[in-house]
Amino acid sequence: MKLGNYELKGSAALAPMAGVTDRAFREICIEYGASYVTSEMISSKGLTMGDRKSGFLMTIGEKEMPASVQIFGCEPETMAEAAKLAEQTGCIAVDINMGCPAPKVAGHGGGAALMKNPALAAEIANTCVNAVKIPVTCKIRSGWDDDNINAVELAKLLVQAGASAITVHGRTRKQMYSPPVNYDIIRKVKDAVPVPVIGNGDVTDIESAEFMLNETGCDHLMIGRGALGTPWIFARINEYFTSGKILPEPGIEEKMAVMIKHIGLLCEYKGDYVGMREARKHAGWYIKGMRGAATFRREIGELETMDQLKKLAERVIESAG
């Protein structure tokens, strides 16, 4: 798949996830073969007002390229200004969030709320397209609720507005993340627009990746929760679609080494205090399904230092032996 003039390597990209897809995690996923990564969603208002946190979220390092920056908001001019700031990071694309179901985003007219106002969504896309030289992509859902499934109509408007690719999460805003993905709506969007369509939702392993491609005909995959604690999912999917081989899951030692490297980067970029507290959720994901995970999870909730993390990793390895 090409994103503008940029030819992507690999079959799957990392989806934006608030509080998760920070610089450290993006680097790890690129190392394991993600075709590109996307920042956490960033407030266009925050960016244009010089908010320090928004600026930090937009920091893109060389080791996480190719990367896309995702912005959200509901004011066309503000979004265009934010897109210009995003372009300055050297990212390969600006992504517009039209799918976030969170009340603090959708409740203020951004995210999935834009699906209820297709004309405004298209105006935002067009204003951003005209503001930058790099591709502008849009991430949408199937619709607002079961009575308002309008992904096809919205996708057509966004492409007319100049969007270079459309990512479709096959659930409505009301469904959030729990029911099975609607593969049919992703296929309908794929059949309706001439730009690449990226399938998103419930891709957690090789089998579900193949199912998404077969059922929807989409051009590319985007993986979110399926990469939590398992960033090697990208390498396994890439190998399967390239050679047909199914790579084994990494051993416990490699998994723990990746966890330590990941959390080390977290601490490097955010400081030990913040890094170790954010490390607790990641460590929980890395040990999920392992022997003694419930016991280790209690310890994880009290992690404060890298030494504690390393000792925990040693005990996890020992318990698996």
# chains A, B, ... in the order shown; residues from 1 in each chain; ligands from 1
$ select_by_dssp --residues "segment 130-283 of chain A" --states "helix (DSSP H, G or I)" --output "MDAnalysis selection string"
chainID A and resid 130:131 151:160 183:192 206:216 225:227 233:243 252:270 272:283
$ write_last_selection --atoms "C-alpha atoms" --output "PDB file, in the first residue's frame"
ATOM      1  CA  ASN A 130      -5.261  22.386   1.608  1.00  0.00           C
ATOM      2  CA  ALA A 131      -3.076  23.323   4.575  1.00  0.00           C
ATOM      3  CA  ALA A 151     -19.477   5.053   6.860  1.00  0.00           C
ATOM      4  CA  VAL A 152     -19.889   4.652   3.082  1.00  0.00           C
ATOM      5  CA  GLU A 153     -21.495   8.038   2.571  1.00  0.00           C
ATOM      6  CA  LEU A 154     -18.985   9.767   4.835  1.00  0.00           C
ATOM      7  CA  ALA A 155     -16.017   8.026   3.197  1.00  0.00           C
ATOM      8  CA  LYS A 156     -17.142   9.252  -0.231  1.00  0.00           C
ATOM      9  CA  LEU A 157     -17.369  12.827   1.042  1.00  0.00           C
ATOM     10  CA  LEU A 158     -13.948  12.607   2.681  1.00  0.00           C
ATOM     11  CA  VAL A 159     -12.334  11.326  -0.517  1.00  0.00           C
ATOM     12  CA  GLN A 160     -13.991  14.135  -2.480  1.00  0.00           C
ATOM     13  CA  TYR A 183     -16.727  -6.602   8.381  1.00  0.00           C
ATOM     14  CA  ASP A 184     -19.453  -5.942   5.832  1.00  0.00           C
ATOM     15  CA  ILE A 185     -19.347  -2.174   6.330  1.00  0.00           C
ATOM     16  CA  ILE A 186     -15.572  -2.139   5.815  1.00  0.00           C
ATOM     17  CA  ARG A 187     -16.016  -4.024   2.530  1.00  0.00           C
ATOM     18  CA  LYS A 188     -18.712  -1.590   1.435  1.00  0.00           C
ATOM     19  CA  VAL A 189     -16.392   1.349   2.080  1.00  0.00           C
ATOM     20  CA  LYS A 190     -13.625  -0.427   0.177  1.00  0.00           C
ATOM     21  CA  ASP A 191     -15.954  -0.947  -2.787  1.00  0.00           C
ATOM     22  CA  ALA A 192     -17.151   2.655  -2.692  1.00  0.00           C
ATOM     23  CA  ILE A 206      -2.519 -14.075  12.180  1.00  0.00           C
ATOM     24  CA  GLU A 207      -5.907 -15.761  11.843  1.00  0.00           C
ATOM     25  CA  SER A 208      -7.923 -12.617  12.525  1.00  0.00           C
ATOM     26  CA  ALA A 209      -5.645 -10.594  10.239  1.00  0.00           C
ATOM     27  CA  GLU A 210      -6.244 -13.015   7.378  1.00  0.00           C
ATOM     28  CA  PHE A 211      -9.972 -13.041   8.118  1.00  0.00           C
ATOM     29  CA  MET A 212     -10.127  -9.231   8.004  1.00  0.00           C
ATOM     30  CA  LEU A 213      -8.395  -9.140   4.626  1.00  0.00           C
ATOM     31  CA  ASN A 214     -10.504 -11.937   3.152  1.00  0.00           C
ATOM     32  CA  GLU A 215     -13.809 -10.610   4.439  1.00  0.00           C
ATOM     33  CA  THR A 216     -13.292  -6.942   3.555  1.00  0.00           C
ATOM     34  CA  ARG A 225      -5.491  -3.563  21.358  1.00  0.00           C
ATOM     35  CA  GLY A 226      -4.093  -6.648  19.616  1.00  0.00           C
ATOM     36  CA  ALA A 227      -0.598  -5.183  20.004  1.00  0.00           C
ATOM     37  CA  ILE A 233       2.312  -9.363  16.225  1.00  0.00           C
ATOM     38  CA  PHE A 234       3.444  -7.177  13.320  1.00  0.00           C
ATOM     39  CA  ALA A 235       6.453  -9.381  12.534  1.00  0.00           C
ATOM     40  CA  ARG A 236       4.349 -12.538  12.681  1.00  0.00           C
ATOM     41  CA  ILE A 237       1.671 -11.125  10.365  1.00  0.00           C
ATOM     42  CA  ASN A 238       4.271  -9.763   7.937  1.00  0.00           C
ATOM     43  CA  GLU A 239       6.030 -13.121   7.721  1.00  0.00           C
ATOM     44  CA  TYR A 240       2.794 -14.988   7.168  1.00  0.00           C
ATOM     45  CA  PHE A 241       1.611 -12.739   4.352  1.00  0.00           C
ATOM     46  CA  THR A 242       5.088 -12.726   2.776  1.00  0.00           C
ATOM     47  CA  SER A 243       6.081 -16.389   2.973  1.00  0.00           C
ATOM     48  CA  ILE A 252       9.435 -15.974  27.803  1.00  0.00           C
ATOM     49  CA  GLU A 253      12.992 -14.602  27.898  1.00  0.00           C
ATOM     50  CA  GLU A 254      12.459 -12.513  24.768  1.00  0.00           C
ATOM     51  CA  LYS A 255       9.077 -11.283  25.963  1.00  0.00           C
ATOM     52  CA  MET A 256      10.558 -10.110  29.239  1.00  0.00           C
ATOM     53  CA  ALA A 257      13.507  -8.509  27.444  1.00  0.00           C
ATOM     54  CA  VAL A 258      11.099  -6.567  25.210  1.00  0.00           C
ATOM     55  CA  MET A 259       9.093  -5.502  28.255  1.00  0.00           C
ATOM     56  CA  ILE A 260      12.210  -4.201  29.999  1.00  0.00           C
ATOM     57  CA  LYS A 261      13.377  -2.369  26.881  1.00  0.00           C
ATOM     58  CA  HIS A 262       9.930  -0.845  26.368  1.00  0.00           C
ATOM     59  CA  ILE A 263       9.659   0.386  29.943  1.00  0.00           C
ATOM     60  CA  GLY A 264      13.243   1.609  29.873  1.00  0.00           C
ATOM     61  CA  LEU A 265      12.287   3.839  26.933  1.00  0.00           C
ATOM     62  CA  LEU A 266       9.199   4.985  28.821  1.00  0.00           C
ATOM     63  CA  CYS A 267      11.387   6.145  31.691  1.00  0.00           C
ATOM     64  CA  GLU A 268      13.892   7.741  29.319  1.00  0.00           C
ATOM     65  CA  TYR A 269      11.236   9.844  27.598  1.00  0.00           C
ATOM     66  CA  LYS A 270       8.948  10.599  30.557  1.00  0.00           C
ATOM     67  CA  ASP A 272      11.251   7.482  36.154  1.00  0.00           C
ATOM     68  CA  TYR A 273       8.268   8.629  38.207  1.00  0.00           C
ATOM     69  CA  VAL A 274       5.795   8.847  35.320  1.00  0.00           C
ATOM     70  CA  GLY A 275       7.442   6.048  33.347  1.00  0.00           C
ATOM     71  CA  MET A 276       7.201   3.455  36.118  1.00  0.00           C
ATOM     72  CA  ARG A 277       3.600   4.281  36.870  1.00  0.00           C
ATOM     73  CA  GLU A 278       2.663   3.952  33.217  1.00  0.00           C
ATOM     74  CA  ALA A 279       4.774   0.788  33.124  1.00  0.00           C
ATOM     75  CA  ARG A 280       2.280  -1.001  35.361  1.00  0.00           C
ATOM     76  CA  LYS A 281      -0.405  -1.382  32.681  1.00  0.00           C
ATOM     77  CA  HIS A 282       2.145  -2.416  30.034  1.00  0.00           C
ATOM     78  CA  ALA A 283       3.757  -5.002  32.317  1.00  0.00           C
TER      79      ALA A 283
END
$ closest_atom_pairs --of "segment 196-264 of chain A" --to "segment 136-148 of chain A" --cutoff "12 Å" --atoms "only C-alpha atoms" --output "tab-separated table"
residue	atom	partner	partner_atom	distance
A:Pro196	CA	A:Thr137	CA	9.8
A:Val197	CA	A:Lys139	CA	9.9
A:Ile198	CA	A:Lys139	CA	8.9
A:Gly199	CA	A:Lys139	CA	10.0
A:Asn200	CA	A:Arg141	CA	9.2
A:Gly201	CA	A:Arg141	CA	9.9
A:Met222	CA	A:Lys139	CA	10.5
$ residues_around --residues "Thr127 of chain A" --least-positions-apart "2" --cutoff "12 Å" --atoms "only C-alpha atoms" --output "list in words"
Cys74, Glu75, Pro76, Glu77, Thr78, Met79, Ala80, Glu81, Ala82, Ala83, Lys84, Ile96, Leu120, Ala121, Ala122, Glu123, Ile124, Ala125, Val129, Asn130, Ala131, Val132, Val136, Leu158, Ala161, Gly162 and Ala163 of chain A
$ select_by_dssp --residues "segment 44-241 of chain A" --states "strand (DSSP E or B)" --output "ChimeraX atom specification"
/A:67-72,93-98,136-143,149,165-172,197-200,220-223
$ residues_around --residues "Lys104 of chain A" --least-positions-apart "4" --cutoff "12 Å" --atoms "only C-alpha atoms" --output "PyMOL selection string"
chain A and resi 43+72-73+100+108-113
$ residues_around --residues "Met176 of chain A" --least-positions-apart "2" --cutoff "9 Å" --atoms "only C-alpha atoms" --output "PyMOL selection string"
chain A and resi 100-102+171-174+178-179
$ write_last_selection --atoms "N, CA and C atoms" --output "PDB file, in the first residue's frame"
ATOM      1  N   CYS A 100     -13.274   8.518  17.662  1.00  0.00           N
ATOM      2  CA  CYS A 100     -13.140   8.345  19.113  1.00  0.00           C
ATOM      3  C   CYS A 100     -14.508   8.441  19.786  1.00  0.00           C
ATOM      4  N   PRO A 101     -14.873   7.414  20.581  1.00  0.00           N
ATOM      5  CA  PRO A 101     -16.189   7.414  21.219  1.00  0.00           C
ATOM      6  C   PRO A 101     -16.218   8.087  22.590  1.00  0.00           C
ATOM      7  N   ALA A 102     -15.062   8.466  23.120  1.00  0.00           N
ATOM      8  CA  ALA A 102     -14.991   9.003  24.482  1.00  0.00           C
ATOM      9  C   ALA A 102     -15.836  10.266  24.628  1.00  0.00           C
ATOM     10  N   ARG A 171     -17.168  -0.728  14.066  1.00  0.00           N
ATOM     11  CA  ARG A 171     -18.166  -0.649  15.124  1.00  0.00           C
ATOM     12  C   ARG A 171     -18.737   0.766  15.154  1.00  0.00           C
ATOM     13  N   THR A 172     -19.926   0.909  15.709  1.00  0.00           N
ATOM     14  CA  THR A 172     -20.499   2.238  15.877  1.00  0.00           C
ATOM     15  C   THR A 172     -19.941   2.880  17.140  1.00  0.00           C
ATOM     16  N   ARG A 173     -20.208   4.161  17.266  1.00  0.00           N
ATOM     17  CA  ARG A 173     -19.779   4.856  18.480  1.00  0.00           C
ATOM     18  C   ARG A 173     -20.469   4.247  19.697  1.00  0.00           C
ATOM     19  N   LYS A 174     -21.744   3.925  19.559  1.00  0.00           N
ATOM     20  CA  LYS A 174     -22.502   3.375  20.682  1.00  0.00           C
ATOM     21  C   LYS A 174     -21.948   2.020  21.110  1.00  0.00           C
ATOM     22  N   SER A 178     -16.842  -3.460  22.286  1.00  0.00           N
ATOM     23  CA  SER A 178     -17.148  -4.824  22.715  1.00  0.00           C
ATOM     24  C   SER A 178     -17.775  -5.763  21.693  1.00  0.00           C
ATOM     25  N   PRO A 179     -18.792  -5.395  20.898  1.00  0.00           N
ATOM     26  CA  PRO A 179     -19.383  -6.409  20.008  1.00  0.00           C
ATOM     27  C   PRO A 179     -18.424  -6.770  18.876  1.00  0.00           C
TER      28      PRO A 179
END
$ residues_around --residues "Ala15 of chain A" --least-positions-apart "2" --cutoff "9 Å" --atoms "only C-alpha atoms" --output "number ranges by chain"
A: 13, 17, 21, 37-40, 200, 222-225
$ write_last_selection --atoms "C-alpha atoms" --output "PDB file, in the first residue's frame"
ATOM      1  CA  ALA A  13       0.027  -0.335  11.072  1.00  0.00           C
ATOM      2  CA  MET A  17      -4.568   4.658  21.364  1.00  0.00           C
ATOM      3  CA  THR A  21       0.803   4.631  21.669  1.00  0.00           C
ATOM      4  CA  VAL A  37       2.695   4.018  13.658  1.00  0.00           C
ATOM      5  CA  THR A  38       0.257   6.697  14.753  1.00  0.00           C
ATOM      6  CA  SER A  39       0.550   9.076  17.675  1.00  0.00           C
ATOM      7  CA  GLU A  40      -1.950   9.296  20.469  1.00  0.00           C
ATOM      8  CA  ASN A 200      -9.443  -1.842  11.953  1.00  0.00           C
ATOM      9  CA  MET A 222      -4.493  -1.396  11.576  1.00  0.00           C
ATOM     10  CA  ILE A 223      -3.914  -3.056  14.931  1.00  0.00           C
ATOM     11  CA  GLY A 224      -4.738  -1.474  18.275  1.00  0.00           C
ATOM     12  CA  ARG A 225      -5.491  -3.563  21.358  1.00  0.00           C
TER      13      ARG A 225
END
$ closest_residue --among "A:Cys29, A:Leu3, A:Ala293, A:Leu303" --to "Arg315 of chain A" --atoms "only C-alpha atoms"
A:Ala293
$ closest_residue --among "A:Lys310, A:Arg52, A:His220, A:Lys288" --to "Ser11 of chain A" --atoms "only C-alpha atoms"
A:His220
$ residues_around --residues "segment 88-95 of chain A" --least-positions-apart "3" --cutoff "6 Å" --atoms "only C-alpha atoms" --output "list in words"
Ala67, Ser68, Val69, Gln70, Leu85, Ile134, Pro135, Val136, Thr137 and Cys138 of chain A
$ closest_residue --among "A:Gly217, A:His169, A:Pro103, A:Asn117" --to "Val203 of chain A" --atoms "only C-alpha atoms"
A:His169
$ closest_residue --among "A:Arg291, A:Met58, A:Pro250, A:Ala106" --to "Ala320 of chain A" --atoms "only C-alpha atoms"
A:Arg291
$ atom_distance --atom1 "atom CA of Val168 of chain A" --atom2 "atom CA of Met1 of chain A"
15.8 Å
$ atom_distance --atom1 "atom CA of Val20 of chain A" --atom2 "atom CA of Met98 of chain A"
18.7 Å
$ decode --residues "segment 35-172 of chain A" --atoms "C-alpha atoms" --output "PDB file, in the first residue's frame"
ATOM      1  CA  SER A  35       4.292  -0.536   8.530  1.00  0.00           C
ATOM      2  CA  TYR A  36       3.775   2.797  10.245  1.00  0.00           C
ATOM      3  CA  VAL A  37       2.695   4.018  13.658  1.00  0.00           C
ATOM      4  CA  THR A  38       0.257   6.697  14.753  1.00  0.00           C
ATOM      5  CA  SER A  39       0.550   9.076  17.675  1.00  0.00           C
ATOM      6  CA  GLU A  40      -1.950   9.296  20.469  1.00  0.00           C
ATOM      7  CA  MET A  41      -4.788  11.606  19.445  1.00  0.00           C
ATOM      8  CA  ILE A  42      -3.817  15.231  20.007  1.00  0.00           C
ATOM      9  CA  SER A  43      -6.155  18.147  20.605  1.00  0.00           C
ATOM     10  CA  SER A  44      -6.050  20.683  17.770  1.00  0.00           C
ATOM     11  CA  LYS A  45      -6.976  23.411  20.244  1.00  0.00           C
ATOM     12  CA  GLY A  46      -4.204  22.350  22.590  1.00  0.00           C
ATOM     13  CA  LEU A  47      -1.646  22.358  19.793  1.00  0.00           C
ATOM     14  CA  THR A  48      -2.604  25.753  18.408  1.00  0.00           C
ATOM     15  CA  MET A  49      -2.672  27.302  21.889  1.00  0.00           C
ATOM     16  CA  GLY A  50       0.830  26.035  22.645  1.00  0.00           C
ATOM     17  CA  ASP A  51      -0.242  23.523  25.287  1.00  0.00           C
ATOM     18  CA  ARG A  52       2.860  21.782  26.577  1.00  0.00           C
ATOM     19  CA  LYS A  53       1.261  18.339  26.892  1.00  0.00           C
ATOM     20  CA  SER A  54      -0.112  18.468  23.339  1.00  0.00           C
ATOM     21  CA  GLY A  55       3.307  19.452  22.034  1.00  0.00           C
ATOM     22  CA  PHE A  56       4.934  16.579  23.922  1.00  0.00           C
ATOM     23  CA  LEU A  57       2.443  14.085  22.470  1.00  0.00           C
ATOM     24  CA  MET A  58       3.426  15.245  18.989  1.00  0.00           C
ATOM     25  CA  THR A  59       7.154  14.601  19.443  1.00  0.00           C
ATOM     26  CA  ILE A  60       8.287  12.168  16.730  1.00  0.00           C
ATOM     27  CA  GLY A  61      11.718  10.520  16.910  1.00  0.00           C
ATOM     28  CA  GLU A  62      13.764   9.047  14.065  1.00  0.00           C
ATOM     29  CA  LYS A  63      13.450   5.495  15.441  1.00  0.00           C
ATOM     30  CA  GLU A  64       9.649   5.521  15.115  1.00  0.00           C
ATOM     31  CA  MET A  65       9.444   6.547  11.487  1.00  0.00           C
ATOM     32  CA  PRO A  66       7.362   6.182   9.418  1.00  0.00           C
ATOM     33  CA  ALA A  67       4.823   7.817  11.688  1.00  0.00           C
ATOM     34  CA  SER A  68       1.503   9.591  11.359  1.00  0.00           C
ATOM     35  CA  VAL A  69       0.216  12.268  13.732  1.00  0.00           C
ATOM     36  CA  GLN A  70      -3.458  12.112  14.680  1.00  0.00           C
ATOM     37  CA  ILE A  71      -5.357  15.270  15.582  1.00  0.00           C
ATOM     38  CA  PHE A  72      -8.921  15.802  16.774  1.00  0.00           C
ATOM     39  CA  GLY A  73     -11.326  18.705  16.986  1.00  0.00           C
ATOM     40  CA  CYS A  74     -14.354  20.189  15.281  1.00  0.00           C
ATOM     41  CA  GLU A  75     -13.210  23.619  14.056  1.00  0.00           C
ATOM     42  CA  PRO A  76     -11.894  23.530  10.462  1.00  0.00           C
ATOM     43  CA  GLU A  77      -9.411  26.397  10.754  1.00  0.00           C
ATOM     44  CA  THR A  78      -8.051  25.205  14.080  1.00  0.00           C
ATOM     45  CA  MET A  79      -7.649  21.701  12.666  1.00  0.00           C
ATOM     46  CA  ALA A  80      -5.814  23.110   9.649  1.00  0.00           C
ATOM     47  CA  GLU A  81      -3.399  25.003  11.882  1.00  0.00           C
ATOM     48  CA  ALA A  82      -2.823  21.851  13.932  1.00  0.00           C
ATOM     49  CA  ALA A  83      -2.189  19.902  10.724  1.00  0.00           C
ATOM     50  CA  LYS A  84       0.508  22.404   9.758  1.00  0.00           C
ATOM     51  CA  LEU A  85       2.185  21.943  13.142  1.00  0.00           C
ATOM     52  CA  ALA A  86       1.985  18.171  12.771  1.00  0.00           C
ATOM     53  CA  GLU A  87       3.583  18.351   9.329  1.00  0.00           C
ATOM     54  CA  GLN A  88       6.614  20.038  10.852  1.00  0.00           C
ATOM     55  CA  THR A  89       7.462  16.867  12.791  1.00  0.00           C
ATOM     56  CA  GLY A  90       8.454  15.113   9.565  1.00  0.00           C
ATOM     57  CA  CYS A  91       5.553  12.659   9.816  1.00  0.00           C
ATOM     58  CA  ILE A  92       4.366  10.938   6.639  1.00  0.00           C
ATOM     59  CA  ALA A  93       0.691  11.809   7.145  1.00  0.00           C
ATOM     60  CA  VAL A  94      -1.792  13.701   9.271  1.00  0.00           C
ATOM     61  CA  ASP A  95      -4.702  11.594  10.483  1.00  0.00           C
ATOM     62  CA  ILE A  96      -8.031  13.121  11.492  1.00  0.00           C
ATOM     63  CA  ASN A  97      -9.836  11.364  14.316  1.00  0.00           C
ATOM     64  CA  MET A  98     -13.493  10.897  13.395  1.00  0.00           C
ATOM     65  CA  GLY A  99     -14.033   7.779  15.467  1.00  0.00           C
ATOM     66  CA  CYS A 100     -13.140   8.345  19.113  1.00  0.00           C
ATOM     67  CA  PRO A 101     -16.189   7.414  21.219  1.00  0.00           C
ATOM     68  CA  ALA A 102     -14.991   9.003  24.482  1.00  0.00           C
ATOM     69  CA  PRO A 103     -17.471  11.529  25.897  1.00  0.00           C
ATOM     70  CA  LYS A 104     -14.730  14.102  26.499  1.00  0.00           C
ATOM     71  CA  VAL A 105     -14.006  14.083  22.748  1.00  0.00           C
ATOM     72  CA  ALA A 106     -17.300  13.179  21.060  1.00  0.00           C
ATOM     73  CA  GLY A 107     -19.230  15.204  23.624  1.00  0.00           C
ATOM     74  CA  HIS A 108     -17.533  18.348  22.369  1.00  0.00           C
ATOM     75  CA  GLY A 109     -18.157  17.727  18.684  1.00  0.00           C
ATOM     76  CA  GLY A 110     -14.916  15.925  17.816  1.00  0.00           C
ATOM     77  CA  GLY A 111     -14.100  12.272  17.213  1.00  0.00           C
ATOM     78  CA  ALA A 112     -17.106  10.088  16.416  1.00  0.00           C
ATOM     79  CA  ALA A 113     -19.470  13.059  16.747  1.00  0.00           C
ATOM     80  CA  LEU A 114     -18.268  14.169  13.304  1.00  0.00           C
ATOM     81  CA  MET A 115     -20.036  11.137  11.861  1.00  0.00           C
ATOM     82  CA  LYS A 116     -23.300  12.863  12.764  1.00  0.00           C
ATOM     83  CA  ASN A 117     -22.234  15.911  10.753  1.00  0.00           C
ATOM     84  CA  PRO A 118     -20.749  14.650   7.452  1.00  0.00           C
ATOM     85  CA  ALA A 119     -20.660  18.121   5.905  1.00  0.00           C
ATOM     86  CA  LEU A 120     -18.511  19.463   8.739  1.00  0.00           C
ATOM     87  CA  ALA A 121     -16.306  16.351   8.642  1.00  0.00           C
ATOM     88  CA  ALA A 122     -15.697  16.878   4.923  1.00  0.00           C
ATOM     89  CA  GLU A 123     -14.990  20.585   5.462  1.00  0.00           C
ATOM     90  CA  ILE A 124     -12.408  19.745   8.131  1.00  0.00           C
ATOM     91  CA  ALA A 125     -10.753  17.189   5.851  1.00  0.00           C
ATOM     92  CA  ASN A 126     -10.639  19.619   2.923  1.00  0.00           C
ATOM     93  CA  THR A 127      -9.259  22.464   5.039  1.00  0.00           C
ATOM     94  CA  CYS A 128      -6.496  20.209   6.362  1.00  0.00           C
ATOM     95  CA  VAL A 129      -5.709  18.845   2.887  1.00  0.00           C
ATOM     96  CA  ASN A 130      -5.261  22.386   1.608  1.00  0.00           C
ATOM     97  CA  ALA A 131      -3.076  23.323   4.575  1.00  0.00           C
ATOM     98  CA  VAL A 132      -0.360  20.658   4.208  1.00  0.00           C
ATOM     99  CA  LYS A 133       1.688  18.947   1.523  1.00  0.00           C
ATOM    100  CA  ILE A 134       1.637  15.479   3.063  1.00  0.00           C
ATOM    101  CA  PRO A 135      -1.317  13.045   2.864  1.00  0.00           C
ATOM    102  CA  VAL A 136      -4.324  13.573   5.104  1.00  0.00           C
ATOM    103  CA  THR A 137      -6.086  10.400   6.237  1.00  0.00           C
ATOM    104  CA  CYS A 138      -9.304   9.963   8.203  1.00  0.00           C
ATOM    105  CA  LYS A 139     -10.210   7.333  10.809  1.00  0.00           C
ATOM    106  CA  ILE A 140     -13.938   6.700  11.046  1.00  0.00           C
ATOM    107  CA  ARG A 141     -16.368   4.179  12.541  1.00  0.00           C
ATOM    108  CA  SER A 142     -19.244   2.366  10.894  1.00  0.00           C
ATOM    109  CA  GLY A 143     -21.601   5.028  12.199  1.00  0.00           C
ATOM    110  CA  TRP A 144     -22.953   6.694  15.325  1.00  0.00           C
ATOM    111  CA  ASP A 145     -25.358   3.874  16.231  1.00  0.00           C
ATOM    112  CA  ASP A 146     -27.214   1.006  14.551  1.00  0.00           C
ATOM    113  CA  ASP A 147     -29.803   3.408  13.150  1.00  0.00           C
ATOM    114  CA  ASN A 148     -27.128   5.634  11.645  1.00  0.00           C
ATOM    115  CA  ILE A 149     -24.627   3.498   9.720  1.00  0.00           C
ATOM    116  CA  ASN A 150     -23.136   6.037   7.323  1.00  0.00           C
ATOM    117  CA  ALA A 151     -19.477   5.053   6.860  1.00  0.00           C
ATOM    118  CA  VAL A 152     -19.889   4.652   3.082  1.00  0.00           C
ATOM    119  CA  GLU A 153     -21.495   8.038   2.571  1.00  0.00           C
ATOM    120  CA  LEU A 154     -18.985   9.767   4.835  1.00  0.00           C
ATOM    121  CA  ALA A 155     -16.017   8.026   3.197  1.00  0.00           C
ATOM    122  CA  LYS A 156     -17.142   9.252  -0.231  1.00  0.00           C
ATOM    123  CA  LEU A 157     -17.369  12.827   1.042  1.00  0.00           C
ATOM    124  CA  LEU A 158     -13.948  12.607   2.681  1.00  0.00           C
ATOM    125  CA  VAL A 159     -12.334  11.326  -0.517  1.00  0.00           C
ATOM    126  CA  GLN A 160     -13.991  14.135  -2.480  1.00  0.00           C
ATOM    127  CA  ALA A 161     -12.503  16.493   0.099  1.00  0.00           C
ATOM    128  CA  GLY A 162      -9.037  15.132  -0.651  1.00  0.00           C
ATOM    129  CA  ALA A 163      -8.421  12.410   1.922  1.00  0.00           C
ATOM    130  CA  SER A 164      -5.667  10.014   0.803  1.00  0.00           C
ATOM    131  CA  ALA A 165      -6.845   6.977   2.798  1.00  0.00           C
ATOM    132  CA  ILE A 166      -9.716   5.953   5.059  1.00  0.00           C
ATOM    133  CA  THR A 167      -9.392   3.745   8.141  1.00  0.00           C
ATOM    134  CA  VAL A 168     -12.649   2.078   9.155  1.00  0.00           C
ATOM    135  CA  HIS A 169     -13.220   0.698  12.644  1.00  0.00           C
ATOM    136  CA  GLY A 170     -16.117  -1.669  12.094  1.00  0.00           C
ATOM    137  CA  ARG A 171     -18.166  -0.649  15.124  1.00  0.00           C
ATOM    138  CA  THR A 172     -20.499   2.238  15.877  1.00  0.00           C
TER     139      THR A 172
END
